[in-house]
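One file, coords02.pdb, carrying PDB, C-alpha atoms, pLDDT in the B column:
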ATOM      1  CA  MET V   1      17.216   8.783   2.752  1.00 82.00           C
ATOM      2  CA  GLN V   2      16.518   6.414   5.639  1.00 90.00           C
ATOM      3  CA  THR V   3      18.313   3.103   5.991  1.00 95.00           C
ATOM      4  CA  LEU V   4      16.500  -0.226   6.172  1.00 97.00           C
ATOM      5  CA  LYS V   5      17.207  -0.340   9.916  1.00 96.00           C
ATOM      6  CA  GLU V   6      15.685   3.109  10.378  1.00 96.00           C
ATOM      7  CA  ALA V   7      12.656   2.129   8.302  1.00 95.00           C
ATOM      8  CA  ILE V   8      12.089  -0.966  10.423  1.00 96.00           C
ATOM      9  CA  ARG V   9      12.494   0.807  13.757  1.00 95.00           C
ATOM     10  CA  GLY V  10      10.273   3.662  12.621  1.00 93.00           C
ATOM     11  CA  ALA V  11       7.411   1.381  11.538  1.00 94.00           C
ATOM     12  CA  VAL V  12       4.274   1.465  13.684  1.00 92.00           C
ATOM     13  CA  TRP V  13       4.341  -2.304  14.232  1.00 95.00           C
ATOM     14  CA  ALA V  14       7.937  -2.168  15.529  1.00 96.00           C
ATOM     15  CA  ARG V  15       7.602   0.594  18.104  1.00 91.00           C
ATOM     16  CA  GLU V  16       6.703  -1.703  20.988  1.00 93.00           C
ATOM     17  CA  LEU V  17       9.131  -4.502  20.144  1.00 95.00           C
ATOM     18  CA  ASP V  18      11.993  -5.141  22.546  1.00 94.00           C
ATOM     19  CA  GLU V  19      15.620  -5.235  21.443  1.00 94.00           C
ATOM     20  CA  GLU V  20      15.634  -9.021  21.038  1.00 93.00           C
ATOM     21  CA  ALA V  21      12.675  -8.870  18.672  1.00 96.00           C
ATOM     22  CA  LEU V  22      14.114  -5.918  16.757  1.00 96.00           C
ATOM     23  CA  ALA V  23      17.405  -7.745  16.329  1.00 96.00           C
ATOM     24  CA  ARG V  24      15.572 -10.772  14.924  1.00 96.00           C
ATOM     25  CA  VAL V  25      13.577  -8.590  12.559  1.00 97.00           C
ATOM     26  CA  GLU V  26      16.674  -6.788  11.294  1.00 97.00           C
ATOM     27  CA  ALA V  27      18.506 -10.089  10.771  1.00 97.00           C
ATOM     28  CA  GLY V  28      15.501 -11.620   9.000  1.00 98.00           C
ATOM     29  CA  THR V  29      14.737  -8.731   6.628  1.00 98.00           C
ATOM     30  CA  VAL V  30      16.460  -7.814   3.376  1.00 98.00           C
ATOM     31  CA  GLU V  31      16.067  -4.872   1.037  1.00 98.00           C
ATOM     32  CA  ARG V  32      15.778  -5.008  -2.738  1.00 98.00           C
ATOM     33  CA  LYS V  33      15.659  -2.195  -5.280  1.00 98.00           C
ATOM     34  CA  ILE V  34      12.835  -2.736  -7.761  1.00 98.00           C
ATOM     35  CA  PRO V  35      12.898  -0.781 -11.046  1.00 97.00           C
ATOM     36  CA  ALA V  36       9.841   1.061 -12.317  1.00 93.00           C
ATOM     37  CA  GLY V  37       7.521  -1.525 -13.844  1.00 91.00           C
ATOM     38  CA  GLY V  38       9.280  -4.383 -12.065  1.00 95.00           C
ATOM     39  CA  PHE V  39       7.525  -6.990  -9.965  1.00 95.00           C
ATOM     40  CA  VAL V  40       7.724  -6.720  -6.188  1.00 97.00           C
ATOM     41  CA  CYS V  41       6.028 -10.127  -6.006  1.00 96.00           C
ATOM     42  CA  HIS V  42       4.048 -12.398  -8.318  1.00 93.00           C
ATOM     43  CA  ARG V  43       0.565 -13.865  -8.193  1.00 92.00           C
ATOM     44  CA  GLY V  44       0.717 -17.635  -7.714  1.00 92.00           C
ATOM     45  CA  GLU V  45       4.121 -17.787  -6.040  1.00 94.00           C
ATOM     46  CA  PRO V  46       4.618 -19.189  -2.504  1.00 95.00           C
ATOM     47  CA  THR V  47       4.182 -16.497   0.133  1.00 95.00           C
ATOM     48  CA  GLU V  48       7.583 -16.400   1.800  1.00 96.00           C
ATOM     49  CA  HIS V  49       7.795 -12.764   2.950  1.00 98.00           C
ATOM     50  CA  TRP V  50       5.953  -9.928   4.626  1.00 98.00           C
ATOM     51  CA  ILE V  51       6.696  -6.945   2.412  1.00 98.00           C
ATOM     52  CA  GLY V  52       7.109  -3.238   3.089  1.00 97.00           C
ATOM     53  CA  VAL V  53       7.780  -0.242   0.859  1.00 96.00           C
ATOM     54  CA  VAL V  54      10.801   1.556   2.320  1.00 96.00           C
ATOM     55  CA  GLU V  55      10.675   4.211  -0.373  1.00 94.00           C
ATOM     56  CA  GLY V  56       8.599   4.429  -3.539  1.00 92.00           C
ATOM     57  CA  LEU V  57       5.150   3.440  -4.745  1.00 91.00           C
ATOM     58  CA  ALA V  58       3.714   0.048  -5.679  1.00 92.00           C
ATOM     59  CA  LYS V  59       0.455  -1.162  -7.189  1.00 89.00           C
ATOM     60  CA  MET V  60      -1.374  -4.261  -5.943  1.00 89.00           C
ATOM     61  CA  SER V  61      -3.293  -5.839  -8.823  1.00 84.00           C
ATOM     62  CA  SER V  62      -4.284  -9.019 -10.599  1.00 79.00           C
ATOM     63  CA  HIS V  63      -3.419  -9.726 -14.228  1.00 66.00           C
ATOM     64  CA  TRP V  64      -5.387 -12.330 -16.164  1.00 62.00           C
ATOM     65  CA  ILE V  65      -4.438 -14.302 -19.269  1.00 58.00           C
ATOM     66  CA  THR V  66      -7.302 -12.542 -21.055  1.00 57.00           C
ATOM     67  CA  GLY V  67      -5.310  -9.313 -20.765  1.00 59.00           C
ATOM     68  CA  LYS V  68      -7.625  -7.762 -18.193  1.00 64.00           C
ATOM     69  CA  THR V  69      -6.153  -6.124 -15.097  1.00 69.00           C
ATOM     70  CA  MET V  70      -7.854  -5.409 -11.770  1.00 71.00           C
ATOM     71  CA  THR V  71      -6.128  -2.879  -9.515  1.00 76.00           C
ATOM     72  CA  PHE V  72      -6.814  -3.270  -5.799  1.00 78.00           C
ATOM     73  CA  THR V  73      -4.812  -0.496  -4.173  1.00 82.00           C
ATOM     74  CA  GLY V  74      -1.581   1.458  -4.127  1.00 86.00           C
ATOM     75  CA  VAL V  75       1.089   0.983  -1.476  1.00 91.00           C
ATOM     76  CA  PRO V  76       3.181   4.119  -0.790  1.00 90.00           C
ATOM     77  CA  THR V  77       6.253   4.568   1.392  1.00 91.00           C
ATOM     78  CA  GLY V  78       5.704   3.056   4.843  1.00 92.00           C
ATOM     79  CA  GLY V  79       3.061   0.537   3.767  1.00 93.00           C
ATOM     80  CA  TRP V  80       3.364  -3.188   4.594  1.00 95.00           C
ATOM     81  CA  PHE V  81       1.290  -5.949   3.024  1.00 94.00           C
ATOM     82  CA  GLY V  82       0.954  -9.700   2.569  1.00 94.00           C
ATOM     83  CA  GLU V  83       0.058 -10.645   6.134  1.00 95.00           C
ATOM     84  CA  GLY V  84      -3.202 -12.312   5.034  1.00 93.00           C
ATOM     85  CA  SER V  85      -1.503 -14.787   2.721  1.00 93.00           C
ATOM     86  CA  LEU V  86       1.135 -15.529   5.366  1.00 95.00           C
ATOM     87  CA  LEU V  87      -1.478 -16.164   8.035  1.00 95.00           C
ATOM     88  CA  LYS V  88      -3.348 -18.543   5.715  1.00 94.00           C
ATOM     89  CA  ARG V  89      -0.071 -20.035   4.432  1.00 94.00           C
ATOM     90  CA  GLU V  90      -1.342 -19.874   0.876  1.00 94.00           C
ATOM     91  CA  ILE V  91       0.087 -18.821  -2.459  1.00 94.00           C
ATOM     92  CA  ARG V  92      -0.030 -15.117  -3.252  1.00 93.00           C
ATOM     93  CA  LYS V  93      -3.333 -14.033  -4.836  1.00 89.00           C
ATOM     94  CA  TYR V  94      -2.131 -10.858  -6.548  1.00 90.00           C
ATOM     95  CA  ASP V  95       0.778  -9.173  -8.322  1.00 93.00           C
ATOM     96  CA  VAL V  96       2.549  -6.130  -6.946  1.00 94.00           C
ATOM     97  CA  LEU V  97       4.412  -3.870  -9.366  1.00 93.00           C
ATOM     98  CA  ALA V  98       6.607  -0.867  -8.647  1.00 94.00           C
ATOM     99  CA  LEU V  99       5.153   2.222 -10.321  1.00 89.00           C
ATOM    100  CA  ARG V 100       8.524   3.939  -9.887  1.00 90.00           C
ATOM    101  CA  GLU V 101      11.939   2.777  -8.756  1.00 94.00           C
ATOM    102  CA  SER V 102      11.325   1.594  -5.208  1.00 96.00           C
ATOM    103  CA  ARG V 103      13.209   0.238  -2.218  1.00 97.00           C
ATOM    104  CA  VAL V 104      11.343  -2.744  -0.822  1.00 98.00           C
ATOM    105  CA  ALA V 105      11.848  -4.669   2.436  1.00 98.00           C
ATOM    106  CA  TYR V 106      11.238  -8.426   2.555  1.00 98.00           C
ATOM    107  CA  MET V 107      10.796  -9.952   6.023  1.00 98.00           C
ATOM    108  CA  GLY V 108      11.208 -13.726   5.939  1.00 98.00           C
ATOM    109  CA  ALA V 109       8.181 -15.832   6.850  1.00 97.00           C
ATOM    110  CA  GLY V 110      10.079 -17.439   9.743  1.00 97.00           C
ATOM    111  CA  THR V 111      10.645 -14.019  11.340  1.00 98.00           C
ATOM    112  CA  PHE V 112       7.007 -13.051  10.778  1.00 98.00           C
ATOM    113  CA  TYR V 113       5.779 -16.249  12.474  1.00 98.00           C
ATOM    114  CA  TRP V 114       8.233 -15.729  15.366  1.00 97.00           C
ATOM    115  CA  LEU V 115       6.698 -12.296  15.986  1.00 97.00           C
ATOM    116  CA  LEU V 116       3.231 -13.855  15.954  1.00 96.00           C
ATOM    117  CA  ASP V 117       4.320 -16.336  18.630  1.00 96.00           C
ATOM    118  CA  HIS V 118       6.202 -13.887  20.857  1.00 95.00           C
ATOM    119  CA  SER V 119       4.763 -10.372  20.520  1.00 95.00           C
ATOM    120  CA  ILE V 120       1.309  -9.362  21.753  1.00 95.00           C
ATOM    121  CA  PRO V 121       1.731  -5.790  20.390  1.00 94.00           C
ATOM    122  CA  PHE V 122       2.529  -7.197  16.939  1.00 96.00           C
ATOM    123  CA  ASN V 123      -0.612  -9.333  17.032  1.00 96.00           C
ATOM    124  CA  ARG V 124      -2.681  -6.304  18.020  1.00 95.00           C
ATOM    125  CA  PHE V 125      -1.187  -4.387  15.116  1.00 95.00           C
ATOM    126  CA  LEU V 126      -2.111  -7.171  12.688  1.00 95.00           C
ATOM    127  CA  LEU V 127      -5.723  -7.217  13.894  1.00 94.00           C
ATOM    128  CA  THR V 128      -5.982  -3.493  13.247  1.00 93.00           C
ATOM    129  CA  GLN V 129      -4.213  -3.810   9.888  1.00 93.00           C
ATOM    130  CA  LEU V 130      -6.456  -6.638   8.677  1.00 93.00           C
ATOM    131  CA  ASN V 131      -9.614  -4.843   9.802  1.00 91.00           C
ATOM    132  CA  GLU V 132      -8.558  -1.646   8.056  1.00 89.00           C
ATOM    133  CA  ARG V 133      -7.661  -3.524   4.870  1.00 86.00           C
ATOM    134  CA  LEU V 134     -11.038  -5.281   4.878  1.00 86.00           C
ATOM    135  CA  GLY V 135     -12.825  -1.950   5.178  1.00 82.00           C
ATOM    136  CA  GLN V 136     -10.702  -0.535   2.374  1.00 76.00           C
ATOM    137  CA  PHE V 137     -11.585  -3.340  -0.040  1.00 76.00           C
ATOM    138  CA  ILE V 138     -15.290  -3.294   0.849  1.00 74.00           C
ATOM    139  CA  GLY V 139     -15.295   0.434   0.144  1.00 71.00           C
ATOM    140  CA  MET V 140     -13.548  -0.114  -3.187  1.00 70.00           C
ATOM    141  CA  VAL V 141     -16.270  -2.484  -4.378  1.00 67.00           C
ATOM    142  CA  GLU V 142     -18.931   0.031  -3.383  1.00 67.00           C
ATOM    143  CA  TYR V 143     -17.144   2.964  -5.043  1.00 66.00           C
ATOM    144  CA  GLU V 144     -16.501   1.039  -8.260  1.00 66.00           C
ATOM    145  CA  ARG V 145     -20.191   0.247  -8.640  1.00 63.00           C
ATOM    146  CA  MET V 146     -21.781   3.472  -7.443  1.00 71.00           C
ATOM    147  CA  LEU V 147     -19.484   6.453  -8.059  1.00 74.00           C
ATOM    148  CA  ASP V 148     -18.504   8.384 -11.169  1.00 86.00           C
ATOM    149  CA  THR V 149     -14.925   8.713 -12.390  1.00 89.00           C
ATOM    150  CA  ASP V 150     -14.080  11.939 -10.532  1.00 92.00           C
ATOM    151  CA  ALA V 151     -15.242  10.429  -7.253  1.00 90.00           C
ATOM    152  CA  ARG V 152     -13.236   7.251  -7.885  1.00 88.00           C
ATOM    153  CA  ILE V 153     -10.117   9.346  -8.470  1.00 91.00           C
ATOM    154  CA  ALA V 154     -10.818  11.166  -5.203  1.00 92.00           C
ATOM    155  CA  ARG V 155     -11.117   7.857  -3.303  1.00 89.00           C
ATOM    156  CA  CYS V 156      -7.975   6.519  -4.954  1.00 87.00           C
ATOM    157  CA  ILE V 157      -5.953   9.475  -3.682  1.00 89.00           C
ATOM    158  CA  ALA V 158      -7.580   9.416  -0.242  1.00 88.00           C
ATOM    159  CA  ALA V 159      -6.723   5.716   0.131  1.00 86.00           C
ATOM    160  CA  LEU V 160      -3.011   6.575  -0.041  1.00 85.00           C
ATOM    161  CA  PHE V 161      -3.473   8.804   3.015  1.00 83.00           C
ATOM    162  CA  ASN V 162      -4.916   6.088   5.255  1.00 82.00           C
ATOM    163  CA  PRO V 163      -3.237   6.811   8.634  1.00 80.00           C
ATOM    164  CA  VAL V 164      -3.462   3.171   9.760  1.00 83.00           C
ATOM    165  CA  LEU V 165      -2.203   1.405   6.633  1.00 87.00           C
ATOM    166  CA  TYR V 166       0.223   4.116   5.486  1.00 84.00           C
ATOM    167  CA  PRO V 167       1.234   6.215   8.508  1.00 80.00           C
ATOM    168  CA  GLY V 168       4.304   7.602   6.754  1.00 68.00           C
ATOM    169  CA  THR V 169       2.340   9.577   4.157  1.00 69.00           C
ATOM    170  CA  GLY V 170       2.377  13.331   4.742  1.00 69.00           C
ATOM    171  CA  ALA V 171       0.095  15.963   3.245  1.00 71.00           C
ATOM    172  CA  GLU V 172       2.217  16.110   0.097  1.00 78.00           C
ATOM    173  CA  LEU V 173       2.456  13.006  -2.060  1.00 78.00           C
ATOM    174  CA  GLY V 174       4.948  12.676  -4.874  1.00 79.00           C
ATOM    175  CA  ILE V 175       2.783  10.996  -7.488  1.00 83.00           C
ATOM    176  CA  SER V 176       2.281  11.655 -11.177  1.00 84.00           C
ATOM    177  CA  GLN V 177      -1.019  11.765 -13.039  1.00 87.00           C
ATOM    178  CA  GLU V 178       0.062   8.649 -14.912  1.00 85.00           C
ATOM    179  CA  GLU V 179       0.591   6.800 -11.606  1.00 85.00           C
ATOM    180  CA  ILE V 180      -2.837   7.911 -10.341  1.00 88.00           C
ATOM    181  CA  GLY V 181      -4.272   6.622 -13.593  1.00 87.00           C
ATOM    182  CA  TYR V 182      -2.678   3.209 -13.048  1.00 82.00           C
ATOM    183  CA  LEU V 183      -4.173   3.044  -9.553  1.00 81.00           C
ATOM    184  CA  ALA V 184      -7.622   4.344 -10.509  1.00 82.00           C
ATOM    185  CA  GLY V 185      -7.833   2.381 -13.756  1.00 80.00           C
ATOM    186  CA  VAL V 186      -8.409   5.428 -15.978  1.00 86.00           C
ATOM    187  CA  SER V 187      -6.364   7.295 -18.580  1.00 89.00           C
ATOM    188  CA  ARG V 188      -3.873  10.011 -17.676  1.00 89.00           C
ATOM    189  CA  GLN V 189      -5.985  12.519 -19.606  1.00 92.00           C
ATOM    190  CA  ARG V 190      -9.071  11.620 -17.561  1.00 93.00           C
ATOM    191  CA  VAL V 191      -7.046  11.877 -14.347  1.00 93.00           C
ATOM    192  CA  ASN V 192      -6.002  15.384 -15.388  1.00 92.00           C
ATOM    193  CA  GLN V 193      -9.647  16.400 -15.769  1.00 94.00           C
ATOM    194  CA  GLY V 194     -10.614  14.801 -12.458  1.00 94.00           C
ATOM    195  CA  LEU V 195      -7.769  16.427 -10.532  1.00 94.00           C
ATOM    196  CA  LYS V 196      -8.804  19.850 -11.802  1.00 94.00           C
ATOM    197  CA  VAL V 197     -12.354  19.195 -10.567  1.00 95.00           C
ATOM    198  CA  LEU V 198     -10.990  18.224  -7.142  1.00 95.00           C
ATOM    199  CA  GLU V 199      -8.652  21.222  -7.079  1.00 94.00           C
ATOM    200  CA  ASP V 200     -11.536  23.570  -7.924  1.00 95.00           C
ATOM    201  CA  ALA V 201     -13.459  22.006  -5.034  1.00 95.00           C
ATOM    202  CA  GLY V 202     -10.611  22.994  -2.671  1.00 95.00           C
ATOM    203  CA  LEU V 203      -9.719  19.408  -1.794  1.00 94.00           C
ATOM    204  CA  LEU V 204      -6.160  19.362  -3.139  1.00 93.00           C
ATOM    205  CA  SER V 205      -3.565  21.435  -4.946  1.00 92.00           C
ATOM    206  CA  LEU V 206      -1.423  20.370  -7.871  1.00 87.00           C
ATOM    207  CA  ASN V 207       2.235  20.852  -8.664  1.00 82.00           C
ATOM    208  CA  TYR V 208       4.377  19.047 -11.200  1.00 78.00           C
ATOM    209  CA  GLY V 209       4.627  15.424 -10.085  1.00 76.00           C
ATOM    210  CA  LYS V 210       3.036  16.197  -6.708  1.00 82.00           C
ATOM    211  CA  VAL V 211      -0.375  16.301  -5.102  1.00 87.00           C
ATOM    212  CA  THR V 212      -0.929  18.194  -1.854  1.00 89.00           C
ATOM    213  CA  VAL V 213      -4.072  17.053  -0.079  1.00 89.00           C
ATOM    214  CA  LEU V 214      -5.923  19.857   1.687  1.00 91.00           C
ATOM    215  CA  ASP V 215      -8.980  17.899   2.853  1.00 93.00           C
ATOM    216  CA  VAL V 216      -8.684  14.107   3.122  1.00 90.00           C
ATOM    217  CA  ASP V 217     -12.165  13.708   4.576  1.00 90.00           C
ATOM    218  CA  GLY V 218     -13.535  15.800   1.729  1.00 93.00           C
ATOM    219  CA  LEU V 219     -11.926  13.455  -0.793  1.00 92.00           C
ATOM    220  CA  ARG V 220     -13.519  10.493   0.971  1.00 87.00           C
ATOM    221  CA  ARG V 221     -16.952  12.144   0.850  1.00 87.00           C
ATOM    222  CA  PHE V 222     -16.706  13.565  -2.666  1.00 89.00           C
ATOM    223  CA  GLY V 223     -19.564  12.493  -4.891  1.00 77.00           C
ATOM    224  CA  LEU V 224     -21.797  11.159  -2.102  1.00 71.00           C
TER
END

Re-express the file's structure as structure tokens.
Amino acid sequence: MQTLKEAIRGAVWARELDEEALARVEAGTVERKIPAGGFVCHRGEPTEHWIGVVEGLAKMSSHWITGKTMTFTGVPTGGWFGEGSLLKREIRKYDVLALRESRVAYMGAGTFYWLLDHSIPFNRFLLTQLNERLGQFIGMVEYERMLDTDARIARCIAALFNPVLYPGTGAELGISQEEIGYLAGVSRQRVNQGLKVLEDAGLLSLNYGKVTVLDVDGLRRFGL
């Protein structure tokens, strides 16, 4: 189990920071343990942190008073999010819930803004991150409107293996069918059917509580 310091220093955005910047980041970042089903952050609250998943799995979504829920994406170990709201200095537009007990890092806004002012590599990272996130959300709208359920499940899993947004994800992902269902917006029973279709297509293999991806590109193309 890696420490918070190890998680920070191993992050892609931190690899080109000098020791002064790393020291500031470590001093300005705290870790919290969020229970399964607990809120990592709330829609409508002031955006005071840049947030990273040190260990675990979170779901970015929006919950309405009508009872409807819209899931945007999952955030596995190594993923960081919230830079858009910080850059615009606006309230948070979504909820993030832990799908399992998770260790979460919270970098204070002051530290985030200091990096913006002093680190060219960090700014380059943010440009890449924002561009990748934009492409991810545009693709989600397209998939939701044009693809069947099996294909949406395939895209949901493939999204967790994005090498830019989630570089810490290996070929094997510890995720349950229930968790995939939360992310894809379908029942666990329907996820089970979809995963068997994808396994028969040679795109992944299944073990209890784990999915091993054999062909990420194939998952991204499935159903087209």

(message) Under the rule that all atoms listed in the file are counted, which of V:Asn123, V:Ser62, V:Thr71, V:Gln193 is the nearest residue to Ala154 (chain V)?
(response) V:Gln193

(request) Write out as a ChimeraX atom specification which residues come within 8 Å of Ile51 (chain V) when counting all atoms listed in the file, dropping same-chain ones fewer than 6 positions away. (result) /V:80-82,104-107

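Here CA of Tyr182 (chain V) stands at a distance of 13.7 Å from CA of Asp95 (chain V).
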
(request) Enumerate, as a list in words, the residues matched when the PyMOL selection byres ((chain V and resi 31) around 12) is run on the file above. (result) Thr3, Leu4, Lys5, Ala7, Ile8, Glu26, Ala27, Gly28, Thr29, Val30, Arg32, Lys33, Ile34, Val40, His49, Trp50, Ile51, Gly52, Val53, Val54, Glu55, Ser102, Arg103, Val104, Ala105, Tyr106, Met107 and Gly108 of chain V

(request) Kindly give the distance, in Å, that separates CA of Leu115 (chain V) and CA of Ser85 (chain V), rounded to a single decimal. (result) 15.8 Å

Would you pick out the contacts of Trp114 (chain V) at 12 Å or less, using all atoms listed in the file, so that residues sharing its chain but fewer than 2 positions from it are not included, and give the list as a CSV table (one decimal) with C-alpha atoms, in the frame of the given file?
chain,number,residue,atom,x,y,z
V,20,GLU,CA,15.6,-9.0,21.0
V,21,ALA,CA,12.7,-8.9,18.7
V,22,LEU,CA,14.1,-5.9,16.8
V,24,ARG,CA,15.6,-10.8,14.9
V,25,VAL,CA,13.6,-8.6,12.6
V,28,GLY,CA,15.5,-11.6,9.0
V,107,MET,CA,10.8,-10.0,6.0
V,108,GLY,CA,11.2,-13.7,5.9
V,109,ALA,CA,8.2,-15.8,6.8
V,110,GLY,CA,10.1,-17.4,9.7
V,111,THR,CA,10.6,-14.0,11.3
V,112,PHE,CA,7.0,-13.1,10.8
V,116,LEU,CA,3.2,-13.9,16.0
V,117,ASP,CA,4.3,-16.3,18.6
V,118,HIS,CA,6.2,-13.9,20.9
V,119,SER,CA,4.8,-10.4,20.5
V,120,ILE,CA,1.3,-9.4,21.8
V,122,PHE,CA,2.5,-7.2,16.9
V,123,ASN,CA,-0.6,-9.3,17.0

(request) Name all residues at most 9 Å from Arg15 (chain V) (count all atoms listed in the file; drop same-chain ones fewer than 5 positions away) and give them as a PyMOL selection string. (result) chain V and resi 9-10+121

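In terms of minimum interatomic distance to Lys59 (chain V), V:Ile180 ranks closest within V:Ala11, V:Ile180, V:Gly44, V:Pro167, counting only C-alpha atoms.
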
(request) Tell me which of V:Phe161, V:Arg188, V:Phe39, V:Leu183 sits closest to Asp217 (chain V), counting all atoms listed in the file. (result)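 That would be V:Phe161, the residue with the smallest distance to Asp217 (chain V).
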
(message) Let me make sure I understand: among V:Met70, V:Ala23, V:Ile91, V:Ala14, which one has the smallest atom-to-atom distance to Thr47 (chain V) if we use all atoms listed in the file?
(response) V:Ile91

(message) For a cutoff of 10 Å around the file-coordinate point (-14.6, 10.3, -12.0), which residues qualify once you count all atoms listed in the file? I'd like the result as a PyMOL selection string.
(response) chain V and resi 147-155+184+186+190-191+193-195+197-198+223

Hey, can you spit out that residue selection with C-alpha atoms as an mmCIF file, keeping the file's coordinate frame?
data_model
loop_
_atom_site.group_PDB
_atom_site.id
_atom_site.type_symbol
_atom_site.label_atom_id
_atom_site.label_comp_id
_atom_site.auth_asym_id
_atom_site.auth_seq_id
_atom_site.Cartn_x
_atom_site.Cartn_y
_atom_site.Cartn_z
ATOM 1 C CA LEU V 147 -19.484 6.453 -8.059
ATOM 2 C CA ASP V 148 -18.504 8.384 -11.169
ATOM 3 C CA THR V 149 -14.925 8.713 -12.390
ATOM 4 C CA ASP V 150 -14.080 11.939 -10.532
ATOM 5 C CA ALA V 151 -15.242 10.429 -7.253
ATOM 6 C CA ARG V 152 -13.236 7.251 -7.885
ATOM 7 C CA ILE V 153 -10.117 9.346 -8.470
ATOM 8 C CA ALA V 154 -10.818 11.166 -5.203
ATOM 9 C CA ARG V 155 -11.117 7.857 -3.303
ATOM 10 C CA ALA V 184 -7.622 4.344 -10.509
ATOM 11 C CA VAL V 186 -8.409 5.428 -15.978
ATOM 12 C CA ARG V 190 -9.071 11.620 -17.561
ATOM 13 C CA VAL V 191 -7.046 11.877 -14.347
ATOM 14 C CA GLN V 193 -9.647 16.400 -15.769
ATOM 15 C CA GLY V 194 -10.614 14.801 -12.458
ATOM 16 C CA LEU V 195 -7.769 16.427 -10.532
ATOM 17 C CA VAL V 197 -12.354 19.195 -10.567
ATOM 18 C CA LEU V 198 -10.990 18.224 -7.142
ATOM 19 C CA GLY V 223 -19.564 12.493 -4.891
#

Since the input is missing atoms, can you rebuild N, CA and C atoms for region 146-163 of chain V and write them as a PDB file, in the coordinates of the input?
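Final file, selection-v5.pdb:
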ATOM      1  N   MET V 146     -20.816   2.408  -7.686  1.00 71.00           N
ATOM      2  CA  MET V 146     -21.781   3.472  -7.443  1.00 71.00           C
ATOM      3  C   MET V 146     -21.300   4.874  -7.791  1.00 71.00           C
ATOM      4  N   LEU V 147     -19.987   5.091  -7.901  1.00 74.00           N
ATOM      5  CA  LEU V 147     -19.484   6.453  -8.059  1.00 74.00           C
ATOM      6  C   LEU V 147     -19.005   6.731  -9.476  1.00 74.00           C
ATOM      7  N   ASP V 148     -19.021   8.012  -9.859  1.00 86.00           N
ATOM      8  CA  ASP V 148     -18.504   8.384 -11.169  1.00 86.00           C
ATOM      9  C   ASP V 148     -16.974   8.456 -11.131  1.00 86.00           C
ATOM     10  N   THR V 149     -16.377   8.770 -12.268  1.00 89.00           N
ATOM     11  CA  THR V 149     -14.925   8.713 -12.390  1.00 89.00           C
ATOM     12  C   THR V 149     -14.225   9.709 -11.476  1.00 89.00           C
ATOM     13  N   ASP V 150     -14.717  10.940 -11.392  1.00 92.00           N
ATOM     14  CA  ASP V 150     -14.080  11.939 -10.532  1.00 92.00           C
ATOM     15  C   ASP V 150     -14.069  11.473  -9.081  1.00 92.00           C
ATOM     16  N   ALA V 151     -15.158  10.907  -8.633  1.00 90.00           N
ATOM     17  CA  ALA V 151     -15.242  10.429  -7.253  1.00 90.00           C
ATOM     18  C   ALA V 151     -14.302   9.251  -7.021  1.00 90.00           C
ATOM     19  N   ARG V 152     -14.151   8.383  -8.030  1.00 88.00           N
ATOM     20  CA  ARG V 152     -13.236   7.251  -7.885  1.00 88.00           C
ATOM     21  C   ARG V 152     -11.786   7.733  -7.795  1.00 88.00           C
ATOM     22  N   ILE V 153     -11.459   8.758  -8.561  1.00 91.00           N
ATOM     23  CA  ILE V 153     -10.117   9.346  -8.470  1.00 91.00           C
ATOM     24  C   ILE V 153      -9.894   9.927  -7.085  1.00 91.00           C
ATOM     25  N   ALA V 154     -10.917  10.601  -6.548  1.00 92.00           N
ATOM     26  CA  ALA V 154     -10.818  11.166  -5.203  1.00 92.00           C
ATOM     27  C   ALA V 154     -10.560  10.079  -4.163  1.00 92.00           C
ATOM     28  N   ARG V 155     -11.303   8.956  -4.261  1.00 89.00           N
ATOM     29  CA  ARG V 155     -11.117   7.857  -3.303  1.00 89.00           C
ATOM     30  C   ARG V 155      -9.749   7.209  -3.456  1.00 89.00           C
ATOM     31  N   CYS V 156      -9.284   7.108  -4.697  1.00 87.00           N
ATOM     32  CA  CYS V 156      -7.975   6.519  -4.954  1.00 87.00           C
ATOM     33  C   CYS V 156      -6.880   7.306  -4.247  1.00 87.00           C
ATOM     34  N   ILE V 157      -6.952   8.629  -4.335  1.00 89.00           N
ATOM     35  CA  ILE V 157      -5.953   9.475  -3.682  1.00 89.00           C
ATOM     36  C   ILE V 157      -6.103   9.399  -2.170  1.00 89.00           C
ATOM     37  N   ALA V 158      -7.343   9.470  -1.682  1.00 88.00           N
ATOM     38  CA  ALA V 158      -7.580   9.416  -0.242  1.00 88.00           C
ATOM     39  C   ALA V 158      -7.064   8.123   0.365  1.00 88.00           C
ATOM     40  N   ALA V 159      -7.169   7.011  -0.391  1.00 86.00           N
ATOM     41  CA  ALA V 159      -6.723   5.716   0.131  1.00 86.00           C
ATOM     42  C   ALA V 159      -5.239   5.713   0.439  1.00 86.00           C
ATOM     43  N   LEU V 160      -4.451   6.519  -0.277  1.00 85.00           N
ATOM     44  CA  LEU V 160      -3.011   6.575  -0.041  1.00 85.00           C
ATOM     45  C   LEU V 160      -2.674   7.355   1.220  1.00 85.00           C
ATOM     46  N   PHE V 161      -3.676   8.021   1.797  1.00 83.00           N
ATOM     47  CA  PHE V 161      -3.473   8.804   3.015  1.00 83.00           C
ATOM     48  C   PHE V 161      -4.136   8.133   4.223  1.00 83.00           C
ATOM     49  N   ASN V 162      -4.348   6.823   4.129  1.00 82.00           N
ATOM     50  CA  ASN V 162      -4.916   6.088   5.255  1.00 82.00           C
ATOM     51  C   ASN V 162      -3.904   6.076   6.403  1.00 82.00           C
ATOM     52  N   PRO V 163      -4.223   6.687   7.553  1.00 80.00           N
ATOM     53  CA  PRO V 163      -3.237   6.811   8.634  1.00 80.00           C
ATOM     54  C   PRO V 163      -2.890   5.488   9.315  1.00 80.00           C
TER      55      PRO V 163
END
